[in-house]
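**Q** Pasting in a structure now, in structure tokens, and then I'll have a few things to ask.
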Amino acid sequence: MFSNMSERDKICDRCGRFIEEGGDFYEVEIVIKAGFDGVIKETEDTLDKIVQDTEIYTEEELLKMVYDKRKYILCVRCKEVWLANPFLKPI
Ligand SMILES: [Zn+2]
């Protein structure tokens with residue numbers, strides 16, 4: 001963070017570029033949630049695993065395993081670069 005940033009200044013989360021108040025930027029919101037196709041494959045360990053998980057992980061950690069939402073700021077250049085290959089596939 002820059003010490004003299006105003007409340008409306010932004011920093012690109014990808015490249016770290018300073019985006020001054022009134023500058024162009026994009027907001028990226030990513031929601032990742034557990035998929036469910038309606039089928040639960042039940043094995044002998046299924047219930048034991050669920051009980052074990054509730055003992056190992058906090059409520060917050062368990063929630064993040066099935067639902068997570070994040071927000072990022074991108075400068076104009078990084079928006080184009082990111083959209084061209086968001087999953088960093090080899091080109
Ligand atoms: Zn950037």
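Residue numbers start at 1 in each chain; chains themselves are named A, B, ... in the order of the structure tokens; ligands are numbered from 1 in the order shown.
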Show me which residues line ligand 1, defined as having an atom within 9 Å of a ligand atom where only C-alpha atoms and all ligand atoms count, and present them as a list in words.

**A** Ile11, Cys12, Asp13, Arg14, Cys15, Gly16, Arg17, Phe18, Ile19, Phe25, Ile73, Leu74, Cys75, Val76, Arg77, Cys78, Lys79 and Val81 of chain A

**Q** Keeping N, CA and C atoms, export the residues of the selection given above as a CSV table (one decimal), in the first residue's frame.

**A**
```csv
chain,number,residue,atom,x,y,z
A,11,ILE,N,-5.1,-0.5,-6.2
A,11,ILE,CA,-3.9,-1.2,-6.6
A,11,ILE,C,-4.3,-2.4,-7.4
A,12,CYS,N,-3.7,-2.6,-8.6
A,12,CYS,CA,-4.1,-3.8,-9.4
A,12,CYS,C,-3.6,-5.1,-8.6
A,13,ASP,N,-4.4,-6.0,-8.4
A,13,ASP,CA,-4.1,-7.2,-7.6
A,13,ASP,C,-3.1,-8.1,-8.4
A,14,ARG,N,-3.1,-7.9,-9.7
A,14,ARG,CA,-2.2,-8.8,-10.6
A,14,ARG,C,-0.8,-8.2,-10.7
A,15,CYS,N,-0.7,-7.0,-11.1
A,15,CYS,CA,0.6,-6.4,-11.4
A,15,CYS,C,1.1,-5.4,-10.3
A,16,GLY,N,0.2,-5.0,-9.4
A,16,GLY,CA,0.6,-4.0,-8.4
A,16,GLY,C,0.6,-2.6,-8.9
A,17,ARG,N,0.1,-2.3,-10.1
A,17,ARG,CA,0.1,-1.0,-10.6
A,17,ARG,C,-0.9,-0.1,-9.8
A,18,PHE,N,-0.5,1.1,-9.6
A,18,PHE,CA,-1.3,2.1,-8.9
A,18,PHE,C,-2.4,2.7,-9.8
A,19,ILE,N,-3.6,2.7,-9.4
A,19,ILE,CA,-4.7,3.2,-10.2
A,19,ILE,C,-5.3,4.4,-9.4
A,25,PHE,N,-10.5,0.8,-14.1
A,25,PHE,CA,-10.1,-0.5,-13.5
A,25,PHE,C,-11.3,-1.4,-13.6
A,73,ILE,N,-9.1,-6.5,-7.9
A,73,ILE,CA,-9.0,-5.3,-8.7
A,73,ILE,C,-8.0,-5.6,-9.8
A,74,LEU,N,-8.4,-5.2,-11.1
A,74,LEU,CA,-7.4,-5.4,-12.2
A,74,LEU,C,-7.3,-4.1,-12.9
A,75,CYS,N,-6.1,-3.7,-13.4
A,75,CYS,CA,-6.0,-2.6,-14.3
A,75,CYS,C,-6.4,-3.0,-15.7
A,76,VAL,N,-6.5,-2.1,-16.6
A,76,VAL,CA,-7.1,-2.4,-17.9
A,76,VAL,C,-6.2,-3.4,-18.6
A,77,ARG,N,-4.9,-3.3,-18.5
A,77,ARG,CA,-4.0,-4.2,-19.2
A,77,ARG,C,-4.1,-5.6,-18.6
A,78,CYS,N,-4.2,-5.7,-17.3
A,78,CYS,CA,-4.2,-7.0,-16.7
A,78,CYS,C,-5.6,-7.7,-16.9
A,79,LYS,N,-6.6,-6.9,-17.1
A,79,LYS,CA,-7.9,-7.5,-17.4
A,79,LYS,C,-7.8,-8.3,-18.7
A,81,VAL,N,-5.1,-9.4,-20.3
A,81,VAL,CA,-4.1,-10.5,-20.1
A,81,VAL,C,-4.8,-11.7,-19.4
```

**Q** When DSSP is applied to the backbone of this structure, which of chain A are assigned strand (DSSP E or B)? Write them out as a ChimeraX atom specification.

**A** /A:10-11,18-19,26-33,67-74

**Q** Which neighbours of Lys64 in chain A fall inside 9 Å, counting only C-alpha atoms, when residues of the same chain fewer than 5 positions from it are skipped, and could you give them as a PyMOL selection string?

**A** chain A and resi 33+59+69

**Q** Find the residues around Met5 in chain A up to 12 Å (only C-alpha atoms counted), leave out those fewer than 3 positions away in its own chain, and share them as a VMD selection string.

**A** chain A and resid 1 to 2 8 to 11 18 to 21

**Q** Can you spit out the residues from that selection as a short mmCIF file (atom, residue, chain, number, x, y, z; two decimals), in the first residue's frame, using C-alpha atoms?

**A**
```cif
data_model
loop_
_atom_site.label_atom_id
_atom_site.label_comp_id
_atom_site.auth_asym_id
_atom_site.auth_seq_id
_atom_site.Cartn_x
_atom_site.Cartn_y
_atom_site.Cartn_z
CA MET A 1 0.00 0.00 0.00
CA PHE A 2 1.13 3.50 -0.76
CA ARG A 8 -10.70 5.82 -4.05
CA ASP A 9 -7.22 4.92 -5.31
CA LYS A 10 -6.71 1.26 -6.17
CA ILE A 11 -3.86 -1.19 -6.64
CA PHE A 18 -1.29 2.12 -8.87
CA ILE A 19 -4.69 3.21 -10.21
CA GLU A 20 -5.44 6.75 -9.16
CA GLU A 21 -8.85 8.07 -8.24
#
```
